[in-house]
>>> print(open('my_file21.txt').read())   # compact mmCIF, C-alpha atoms
# COMPACT_ATOMS: atom_id res chain seq x y z
CA MET A 1 131.95 115.07 103.51
CA PRO A 2 134.16 113.18 105.99
CA ASP A 3 132.76 110.58 108.39
CA LEU A 4 130.72 112.57 110.91
CA SER A 5 130.01 109.72 113.32
CA ALA A 6 132.87 110.73 115.64
CA SER A 7 130.86 113.77 116.60
CA VAL A 8 127.90 111.59 117.61
CA HIS A 9 130.13 109.32 119.69
CA ALA A 10 131.68 112.39 121.36
CA TYR A 11 128.17 113.63 122.11
CA VAL A 12 127.21 110.35 123.79
CA ALA A 13 130.51 110.39 125.72
CA ALA A 14 129.84 113.94 126.91
CA PHE A 15 126.59 112.79 128.51
CA ALA A 16 128.32 109.76 130.07
CA ALA A 17 130.85 112.18 131.63
CA ALA A 18 128.16 114.75 132.53
CA ASP A 19 130.34 117.27 130.68
CA ALA A 20 128.06 119.96 129.28
CA SER A 21 131.01 121.97 127.95
CA ALA A 22 132.17 119.00 125.91
CA ALA A 23 128.71 118.65 124.34
CA ALA A 24 128.45 122.39 123.64
CA ALA A 25 131.94 122.43 122.11
CA LEU A 26 130.68 120.24 119.27
CA PHE A 27 128.46 123.12 118.08
CA ALA A 28 129.25 126.15 115.93
CA ALA A 29 129.05 129.52 117.69
CA ASP A 30 125.87 130.41 115.80
CA ALA A 31 124.24 126.99 115.96
CA VAL A 32 120.51 126.48 116.44
CA LEU A 33 119.14 123.74 118.68
CA GLU A 34 115.47 122.61 118.65
CA ASP A 35 114.66 119.99 121.30
CA PRO A 36 112.01 118.78 120.90
CA VAL A 37 111.05 119.93 117.42
CA GLY A 38 108.17 122.40 117.72
CA THR A 39 109.56 124.24 120.75
CA PRO A 40 111.39 127.60 120.54
CA PRO A 41 114.91 127.14 119.17
CA ARG A 42 117.91 127.87 121.34
CA GLU A 43 120.50 129.88 119.44
CA GLY A 44 124.19 130.44 120.06
CA SER A 45 126.86 129.08 122.36
CA GLU A 46 125.54 130.41 125.66
CA ALA A 47 122.01 129.15 125.17
CA ILE A 48 123.28 125.77 123.99
CA LEU A 49 125.65 125.36 126.93
CA ALA A 50 122.83 126.26 129.31
CA PHE A 51 120.60 123.67 127.64
CA TYR A 52 123.14 120.88 128.19
CA GLN A 53 123.87 121.98 131.75
CA GLY A 54 120.15 121.59 132.43
CA ALA A 55 119.84 118.30 130.59
CA MET A 56 122.78 116.76 132.39
CA GLN A 57 121.57 117.84 135.84
CA THR A 58 119.11 114.97 135.57
CA GLY A 59 121.95 112.46 135.20
CA ALA A 60 120.79 111.64 131.71
CA THR A 61 122.79 109.14 129.69
CA LEU A 62 122.31 108.14 126.06
CA THR A 63 122.35 104.71 124.43
CA LEU A 64 122.44 104.47 120.64
CA THR A 65 119.83 101.99 119.38
CA GLY A 66 120.93 101.62 115.78
CA PRO A 67 123.56 102.62 113.26
CA ILE A 68 124.28 106.30 112.68
CA ARG A 69 122.88 107.41 109.34
CA GLN A 70 124.95 109.95 107.39
CA ALA A 71 123.73 111.81 104.30
CA ALA A 72 125.91 114.61 102.92
CA ASP A 73 126.43 117.14 105.77
CA ALA A 74 123.86 115.51 108.04
CA VAL A 75 123.65 112.67 110.50
CA ALA A 76 120.53 111.13 112.02
CA PHE A 77 120.61 108.65 114.87
CA CYS A 78 118.16 106.85 117.13
CA PHE A 79 118.83 106.53 120.81
CA THR A 80 117.27 106.18 124.23
CA VAL A 81 117.92 108.69 127.00
CA HIS A 82 117.96 107.17 130.48
CA ILE A 83 117.09 109.39 133.44
CA ASN A 84 117.15 108.21 137.04
CA PRO A 85 115.65 110.98 139.19
CA PRO A 86 116.51 110.52 142.89
CA GLY A 87 113.53 109.03 144.73
CA ALA A 88 111.41 108.63 141.60
CA ALA A 89 110.87 106.06 138.89
CA ALA A 90 113.43 105.80 136.11
CA ILE A 91 112.46 107.40 132.81
CA GLN A 92 113.43 106.39 129.29
CA ILE A 93 112.76 108.57 126.26
CA ASP A 94 113.15 107.27 122.69
CA ILE A 95 114.54 110.04 120.51
CA ILE A 96 115.88 110.61 117.01
CA ASP A 97 118.34 113.47 116.60
CA VAL A 98 119.38 115.14 113.36
CA PHE A 99 122.64 117.10 113.32
CA ARG A 100 123.73 119.19 110.34
CA PHE A 101 127.36 120.24 110.14
CA ASN A 102 129.27 123.20 108.73
CA ASP A 103 132.46 122.90 106.72
CA ALA A 104 134.54 123.08 109.91
CA GLY A 105 132.87 119.93 111.22
CA LYS A 106 130.83 121.77 113.87
CA ILE A 107 127.10 121.19 114.36
CA ARG A 108 125.18 124.10 112.85
CA SER A 109 121.72 122.75 113.64
CA MET A 110 120.32 120.11 115.94
CA GLN A 111 116.76 118.84 115.93
CA ALA A 112 115.43 116.30 118.41
CA PHE A 113 112.30 114.35 117.49
CA TRP A 114 110.33 112.98 120.45
CA GLY A 115 107.01 113.51 122.14
CA PRO A 116 104.84 112.29 124.99
CA ALA A 117 104.29 108.88 123.37
CA ASN A 118 108.07 108.32 123.46
CA VAL A 119 108.40 108.68 127.24
CA ARG A 120 108.47 105.44 129.25
CA THR A 121 108.80 104.95 132.99
CA GLY A 122 109.81 102.09 135.24
CA MET B 1 98.65 117.53 116.46
CA PRO B 2 96.92 114.15 116.21
CA ASP B 3 98.82 110.88 116.26
CA LEU B 4 100.70 110.78 112.95
CA SER B 5 101.97 107.22 113.23
CA ALA B 6 99.13 105.84 111.06
CA SER B 7 100.73 107.57 108.10
CA VAL B 8 104.02 105.78 108.74
CA HIS B 9 102.31 102.42 109.01
CA ALA B 10 100.42 103.12 105.77
CA TYR B 11 103.75 103.98 104.15
CA VAL B 12 105.28 100.67 105.22
CA ALA B 13 102.15 98.84 104.03
CA ALA B 14 102.35 100.56 100.64
CA PHE B 15 105.84 99.11 100.13
CA ALA B 16 104.68 95.67 101.27
CA ALA B 17 101.92 95.86 98.63
CA ALA B 18 104.24 97.40 96.00
CA ASP B 19 101.59 100.12 95.67
CA ALA B 20 103.37 103.33 94.61
CA SER B 21 100.08 105.21 94.31
CA ALA B 22 99.24 104.42 97.93
CA ALA B 23 102.59 105.81 99.06
CA ALA B 24 102.27 108.92 96.90
CA ALA B 25 98.71 109.51 98.17
CA LEU B 26 100.10 110.19 101.64
CA PHE B 27 101.79 113.35 100.32
CA ALA B 28 100.42 116.85 99.75
CA ALA B 29 100.21 117.97 96.10
CA ASP B 30 103.11 120.41 96.61
CA ALA B 31 105.23 118.17 98.82
CA VAL B 32 109.02 118.03 98.61
CA LEU B 33 110.92 114.74 98.87
CA GLU B 34 114.70 114.54 99.48
CA ASP B 35 116.07 110.97 99.39
CA PRO B 36 118.84 110.81 100.35
CA VAL B 37 119.41 114.22 101.94
CA GLY B 38 121.90 116.14 99.82
CA THR B 39 120.43 115.07 96.47
CA PRO B 40 118.12 117.27 94.35
CA PRO B 41 114.62 117.39 95.87
CA ARG B 42 111.67 115.91 94.00
CA GLU B 43 108.71 118.27 94.09
CA GLY B 44 105.02 117.66 93.49
CA SER B 45 102.72 114.70 92.98
CA GLU B 46 104.05 113.49 89.63
CA ALA B 47 107.69 113.48 90.66
CA ILE B 48 106.86 111.80 93.96
CA LEU B 49 104.77 109.08 92.32
CA ALA B 50 107.58 108.44 89.82
CA PHE B 51 110.05 108.17 92.70
CA TYR B 52 108.00 105.47 94.43
CA GLN B 53 107.34 103.61 91.19
CA GLY B 54 111.10 103.41 90.73
CA ALA B 55 111.81 102.49 94.35
CA MET B 56 109.24 99.69 94.35
CA GLN B 57 110.50 98.19 91.08
CA THR B 58 113.35 96.77 93.15
CA GLY B 59 110.88 94.86 95.33
CA ALA B 60 111.94 96.94 98.32
CA THR B 61 110.21 96.32 101.64
CA LEU B 62 110.59 98.27 104.87
CA THR B 63 110.97 97.05 108.45
CA LEU B 64 110.67 99.54 111.29
CA THR B 65 113.53 99.10 113.76
CA GLY B 66 112.29 101.22 116.65
CA PRO B 67 109.38 103.29 117.88
CA ILE B 68 108.09 106.14 115.73
CA ARG B 69 109.09 109.48 117.23
CA GLN B 70 106.54 112.30 116.92
CA ALA B 71 107.28 115.96 117.72
CA ALA B 72 104.62 118.54 116.84
CA ASP B 73 103.92 118.20 113.08
CA ALA B 74 106.85 115.86 112.47
CA VAL B 75 107.64 112.18 112.73
CA ALA B 76 111.03 110.52 112.55
CA PHE B 77 111.50 106.77 112.29
CA CYS B 78 114.33 104.30 111.82
CA PHE B 79 113.95 101.37 109.49
CA THR B 80 115.75 98.97 107.22
CA VAL B 81 114.91 98.64 103.55
CA HIS B 82 115.31 95.12 102.16
CA ILE B 83 116.03 94.70 98.46
CA ASN B 84 116.37 91.31 96.75
CA PRO B 85 117.57 91.94 93.19
CA PRO B 86 117.06 88.90 90.96
CA GLY B 87 120.33 87.03 90.53
CA ALA B 88 122.28 89.28 92.89
CA ALA B 89 123.02 89.46 96.59
CA ALA B 90 120.35 90.86 98.90
CA ILE B 91 120.85 94.45 100.02
CA GLN B 92 119.82 96.10 103.26
CA ILE B 93 119.97 99.85 103.83
CA ASP B 94 119.56 101.40 107.30
CA ILE B 95 117.64 104.66 106.95
CA ILE B 96 116.01 107.32 109.11
CA ASP B 97 113.12 109.22 107.53
CA VAL B 98 111.65 112.52 108.70
CA PHE B 99 108.13 113.41 107.56
CA ARG B 100 106.57 116.81 108.24
CA PHE B 101 102.81 117.13 107.89
CA ASN B 102 100.40 119.89 106.90
CA ASP B 103 97.16 120.63 108.72
CA ALA B 104 95.29 118.20 106.47
CA GLY B 105 97.50 115.34 107.68
CA LYS B 106 99.39 115.05 104.39
CA ILE B 107 103.18 114.84 104.21
CA ARG B 108 104.55 118.22 103.11
CA SER B 109 108.22 117.24 103.29
CA MET B 110 110.13 113.98 103.44
CA GLN B 111 113.84 113.66 104.12
CA ALA B 112 115.70 110.33 104.08
CA PHE B 113 119.01 110.10 105.90
CA TRP B 114 121.34 107.37 104.67
CA GLY B 115 124.66 107.05 102.90
CA PRO B 116 127.15 104.50 101.60
CA ALA B 117 128.10 103.37 105.12
CA ASN B 118 124.47 102.35 105.70
CA VAL B 119 124.33 99.89 102.80
CA ARG B 120 124.85 96.22 103.67
CA THR B 121 124.85 93.19 101.40
CA GLY B 122 124.41 89.46 101.89
>>> encode(input="my_file21.txt", output="structure tokens")
Amino acid sequence: MPDLSASVHAYVAAFAAADASAAAALFAADAVLEDPVGTPPREGSEAILAFYQGAMQTGATLTLTGPIRQAADAVAFCFTVHINPPGAAAIQIDIIDVFRFNDAGKIRSMQAFWGPANVRTG
Amino acid sequence: MPDLSASVHAYVAAFAAADASAAAALFAADAVLEDPVGTPPREGSEAILAFYQGAMQTGATLTLTGPIRQAADAVAFCFTVHINPPGAAAIQIDIIDVFRFNDAGKIRSMQAFWGPANVRTG
């Protein structure tokens, strides 16, 4: 497997640019996204684009908080998402994402691990 | 789902005590362990105990490097494993583990994400 970290950096950059299409373009057409794990998966390009359009409406940005781990066709990475809702307290959520890639280098599955205990405000 | 972080802390403590049985006792009898992801899974209590006996022979200890993320029946956590082989340079490996739990609070699957780029020496 080639180095897959470029895809993670492109993902972070897509949030910084509020470019949902750029995030969605990293995924295979039949990819499955589960964010957070335990909620109904979103499947396919349209659903995934809609997910990122929604996520980026909050002005969310991502900061990596450790090295990207790569194992075979998978990467896992820890990060904090920063959300600054207008007129409300800032929110930070500590998340670990796992991406698995197909042979074309596109994300075929994404799982986001976070829960209520990982949400901080102020 | 209850708070599953106690299991992670018990796992770290098992390494600190070099107690392979304590680590293996956190797993269900039919659990599957994949470390690193992409290698053949180890299945069942005997194989999992043998895995931890081998891992702890190196004197490995674990340091969490961020908050434990919990989503439904899963936890993900980032850590560094510290290995000090006698007469050789110290090794650190940056890893993210994902544990999924059964209803009895035992780990039913473990996946460790790390690769050559995550191994540091000195």
>>> calpha_fit_and_write(input="my_file21.txt", fixed="chain B", moving="chain A", output="short mmCIF file (atom, residue, chain, number, x, y, z; two decimals) with C-alpha atoms, in the frame of the given file")
data_model
loop_
_atom_site.label_atom_id
_atom_site.label_comp_id
_atom_site.auth_asym_id
_atom_site.auth_seq_id
_atom_site.Cartn_x
_atom_site.Cartn_y
_atom_site.Cartn_z
CA MET A 1 98.64 117.54 116.49
CA PRO A 2 96.89 114.15 116.21
CA ASP A 3 98.81 110.87 116.27
CA LEU A 4 100.69 110.77 112.96
CA SER A 5 101.97 107.20 113.22
CA ALA A 6 99.14 105.84 111.05
CA SER A 7 100.73 107.56 108.10
CA VAL A 8 104.04 105.78 108.75
CA HIS A 9 102.31 102.41 109.02
CA ALA A 10 100.42 103.13 105.77
CA TYR A 11 103.75 103.98 104.15
CA VAL A 12 105.29 100.67 105.22
CA ALA A 13 102.15 98.84 104.03
CA ALA A 14 102.35 100.56 100.65
CA PHE A 15 105.83 99.12 100.13
CA ALA A 16 104.68 95.66 101.27
CA ALA A 17 101.92 95.85 98.62
CA ALA A 18 104.24 97.40 96.00
CA ASP A 19 101.60 100.13 95.67
CA ALA A 20 103.36 103.32 94.61
CA SER A 21 100.06 105.21 94.32
CA ALA A 22 99.24 104.42 97.92
CA ALA A 23 102.60 105.80 99.06
CA ALA A 24 102.26 108.92 96.90
CA ALA A 25 98.71 109.51 98.17
CA LEU A 26 100.10 110.19 101.64
CA PHE A 27 101.79 113.35 100.31
CA ALA A 28 100.42 116.85 99.74
CA ALA A 29 100.23 117.97 96.10
CA ASP A 30 103.11 120.40 96.61
CA ALA A 31 105.24 118.16 98.81
CA VAL A 32 109.03 118.03 98.60
CA LEU A 33 110.93 114.75 98.87
CA GLU A 34 114.72 114.54 99.46
CA ASP A 35 116.08 110.98 99.39
CA PRO A 36 118.85 110.82 100.36
CA VAL A 37 119.41 114.21 101.94
CA GLY A 38 121.90 116.14 99.81
CA THR A 39 120.44 115.07 96.46
CA PRO A 40 118.12 117.27 94.35
CA PRO A 41 114.63 117.39 95.86
CA ARG A 42 111.69 115.92 94.00
CA GLU A 43 108.72 118.26 94.08
CA GLY A 44 105.03 117.66 93.48
CA SER A 45 102.75 114.70 92.98
CA GLU A 46 104.06 113.48 89.63
CA ALA A 47 107.70 113.49 90.65
CA ILE A 48 106.88 111.79 93.95
CA LEU A 49 104.78 109.08 92.31
CA ALA A 50 107.58 108.44 89.82
CA PHE A 51 110.06 108.16 92.69
CA TYR A 52 108.01 105.46 94.43
CA GLN A 53 107.35 103.60 91.18
CA GLY A 54 111.12 103.41 90.75
CA ALA A 55 111.80 102.47 94.35
CA MET A 56 109.24 99.70 94.35
CA GLN A 57 110.49 98.19 91.08
CA THR A 58 113.33 96.76 93.14
CA GLY A 59 110.88 94.86 95.35
CA ALA A 60 111.93 96.93 98.32
CA THR A 61 110.20 96.33 101.63
CA LEU A 62 110.60 98.27 104.87
CA THR A 63 110.97 97.04 108.45
CA LEU A 64 110.68 99.53 111.29
CA THR A 65 113.55 99.10 113.77
CA GLY A 66 112.29 101.22 116.64
CA PRO A 67 109.39 103.29 117.88
CA ILE A 68 108.09 106.14 115.73
CA ARG A 69 109.10 109.48 117.22
CA GLN A 70 106.55 112.30 116.93
CA ALA A 71 107.29 115.96 117.72
CA ALA A 72 104.63 118.54 116.85
CA ASP A 73 103.92 118.20 113.09
CA ALA A 74 106.84 115.86 112.48
CA VAL A 75 107.62 112.19 112.74
CA ALA A 76 111.03 110.52 112.56
CA PHE A 77 111.50 106.77 112.30
CA CYS A 78 114.33 104.30 111.82
CA PHE A 79 113.94 101.38 109.50
CA THR A 80 115.75 98.96 107.23
CA VAL A 81 114.91 98.64 103.55
CA HIS A 82 115.31 95.13 102.17
CA ILE A 83 116.02 94.71 98.46
CA ASN A 84 116.37 91.34 96.75
CA PRO A 85 117.57 91.96 93.19
CA PRO A 86 117.02 88.90 90.96
CA GLY A 87 120.30 87.02 90.53
CA ALA A 88 122.25 89.27 92.88
CA ALA A 89 123.00 89.48 96.58
CA ALA A 90 120.34 90.88 98.88
CA ILE A 91 120.85 94.47 100.02
CA GLN A 92 119.82 96.11 103.28
CA ILE A 93 119.97 99.85 103.83
CA ASP A 94 119.56 101.42 107.29
CA ILE A 95 117.63 104.66 106.96
CA ILE A 96 116.01 107.33 109.11
CA ASP A 97 113.13 109.23 107.54
CA VAL A 98 111.65 112.52 108.71
CA PHE A 99 108.14 113.41 107.56
CA ARG A 100 106.56 116.80 108.25
CA PHE A 101 102.81 117.13 107.88
CA ASN A 102 100.39 119.89 106.90
CA ASP A 103 97.16 120.62 108.73
CA ALA A 104 95.28 118.18 106.48
CA GLY A 105 97.49 115.33 107.68
CA LYS A 106 99.39 115.03 104.38
CA ILE A 107 103.19 114.84 104.21
CA ARG A 108 104.55 118.21 103.10
CA SER A 109 108.22 117.24 103.28
CA MET A 110 110.14 114.00 103.44
CA GLN A 111 113.84 113.66 104.12
CA ALA A 112 115.69 110.35 104.08
CA PHE A 113 119.01 110.12 105.91
CA TRP A 114 121.34 107.37 104.67
CA GLY A 115 124.65 107.04 102.90
CA PRO A 116 127.15 104.51 101.61
CA ALA A 117 128.10 103.38 105.13
CA ASN A 118 124.46 102.36 105.69
CA VAL A 119 124.32 99.89 102.79
CA ARG A 120 124.86 96.22 103.67
CA THR A 121 124.84 93.19 101.39
CA GLY A 122 124.41 89.47 101.89
#
>>> residues_around(input="my_file21.txt", residues="A:Ala60", least_positions_apart="3", cutoff="12 Å", atoms="all atoms listed in the file", output="PyMOL selection string")
chain A and resi 12-20+52-57+63+80-85+90-93
>>> closest_residue(input="my_file21.txt", among="B:Ala22, B:Leu64, B:Ala88, B:Arg100", to="B:Gly122", atoms="all atoms listed in the file")
B:Ala88
>>> residues_around(input="my_file21.txt", residues="B:Pro2", least_positions_apart="4", cutoff="12 Å", atoms="all atoms listed in the file", output="PyMOL selection string")
(chain A and resi 115-117) or (chain B and resi 6-7+70-75+101-105)
>>> axis_aligned_box(input="my_file21.txt", around="stretch 66-71 of chain A", padding_each_side="5 Å", output="AutoDock Vina command-line options")
--center_x 122.9 --center_y 106.7 --center_z 110.0 --size_x 14.0 --size_y 20.2 --size_z 21.5
>>> residues_around(input="my_file21.txt", residues="stretch 31-35 of chain A", least_positions_apart="4", cutoff="8 Å", atoms="all atoms listed in the file", output="ChimeraX atom specification")
/A:27,39-45,48,107-113
>>> atom_distance(input="my_file21.txt", atom1="atom CA of A:Leu62", atom2="atom CA of B:Cys78")
16.8 Å
>>> closest_residue(input="my_file21.txt", among="A:Ala23, A:Ala29, A:Val8, A:Met1", to="chain B", atoms="only C-alpha atoms")
A:Met1
>>> closest_residue(input="my_file21.txt", among="B:Leu49, B:Ala89, B:Val98, B:Ala25", to="B:Arg120", atoms="all atoms listed in the file")
B:Ala89
>>> closest_residue(input="my_file21.txt", among="A:Tyr11, A:Phe99, A:Phe77, A:Phe51", to="chain B", atoms="all atoms listed in the file")
A:Phe77
>>> closest_residue(input="my_file21.txt", among="B:Ala10, B:Ser5, B:Thr61, B:Pro36", to="chain A", atoms="only C-alpha atoms")
B:Pro36
>>> atom_distance(input="my_file21.txt", atom1="atom CA of A:Val119", atom2="atom CA of A:Lys106")
29.2 Å
>>> atom_distance(input="my_file21.txt", atom1="atom CA of A:Ala76", atom2="atom CA of A:Asp97")
5.6 Å
>>> closest_residue(input="my_file21.txt", among="A:Ala50, A:Leu4, A:Ile95, A:Ala28", to="chain B", atoms="only C-alpha atoms")
A:Ile95
>>> build_atoms(input="my_file21.txt", residues="stretch 11-27 of chain B", atoms="N, CA and C atoms", output="compact mmCIF listing (two decimals), keeping the file's coordinate frame")
# COMPACT_ATOMS: atom_id res chain seq x y z
N TYR B 11 102.59 103.89 105.04
CA TYR B 11 103.75 103.98 104.15
C TYR B 11 104.45 102.62 104.05
N VAL B 12 104.66 102.00 105.20
CA VAL B 12 105.28 100.67 105.22
C VAL B 12 104.40 99.66 104.48
N ALA B 13 103.09 99.76 104.70
CA ALA B 13 102.15 98.84 104.03
C ALA B 13 102.15 99.04 102.52
N ALA B 14 102.32 100.29 102.08
CA ALA B 14 102.35 100.56 100.64
C ALA B 14 103.53 99.84 99.99
N PHE B 15 104.68 99.86 100.66
CA PHE B 15 105.84 99.11 100.13
C PHE B 15 105.55 97.61 100.13
N ALA B 16 104.96 97.11 101.19
CA ALA B 16 104.68 95.67 101.27
C ALA B 16 103.76 95.24 100.13
N ALA B 17 102.87 96.16 99.72
CA ALA B 17 101.92 95.86 98.63
C ALA B 17 102.45 96.30 97.27
N ALA B 18 103.68 96.86 97.24
CA ALA B 18 104.24 97.40 96.00
C ALA B 18 103.26 98.36 95.32
N ASP B 19 102.65 99.21 96.14
CA ASP B 19 101.59 100.12 95.67
C ASP B 19 102.11 101.56 95.73
N ALA B 20 102.76 101.99 94.63
CA ALA B 20 103.37 103.33 94.61
C ALA B 20 102.31 104.42 94.76
N SER B 21 101.14 104.20 94.20
CA SER B 21 100.08 105.21 94.31
C SER B 21 99.66 105.40 95.76
N ALA B 22 99.62 104.31 96.52
CA ALA B 22 99.24 104.42 97.93
C ALA B 22 100.29 105.22 98.71
N ALA B 23 101.55 105.02 98.39
CA ALA B 23 102.59 105.81 99.06
C ALA B 23 102.47 107.27 98.68
N ALA B 24 102.33 107.53 97.38
CA ALA B 24 102.27 108.92 96.90
C ALA B 24 101.04 109.64 97.44
N ALA B 25 99.95 108.89 97.69
CA ALA B 25 98.71 109.51 98.17
C ALA B 25 98.83 110.05 99.59
N LEU B 26 99.90 109.68 100.29
CA LEU B 26 100.10 110.19 101.64
C LEU B 26 100.66 111.61 101.62
N PHE B 27 101.10 112.07 100.44
CA PHE B 27 101.79 113.35 100.32
C PHE B 27 100.84 114.46 99.85
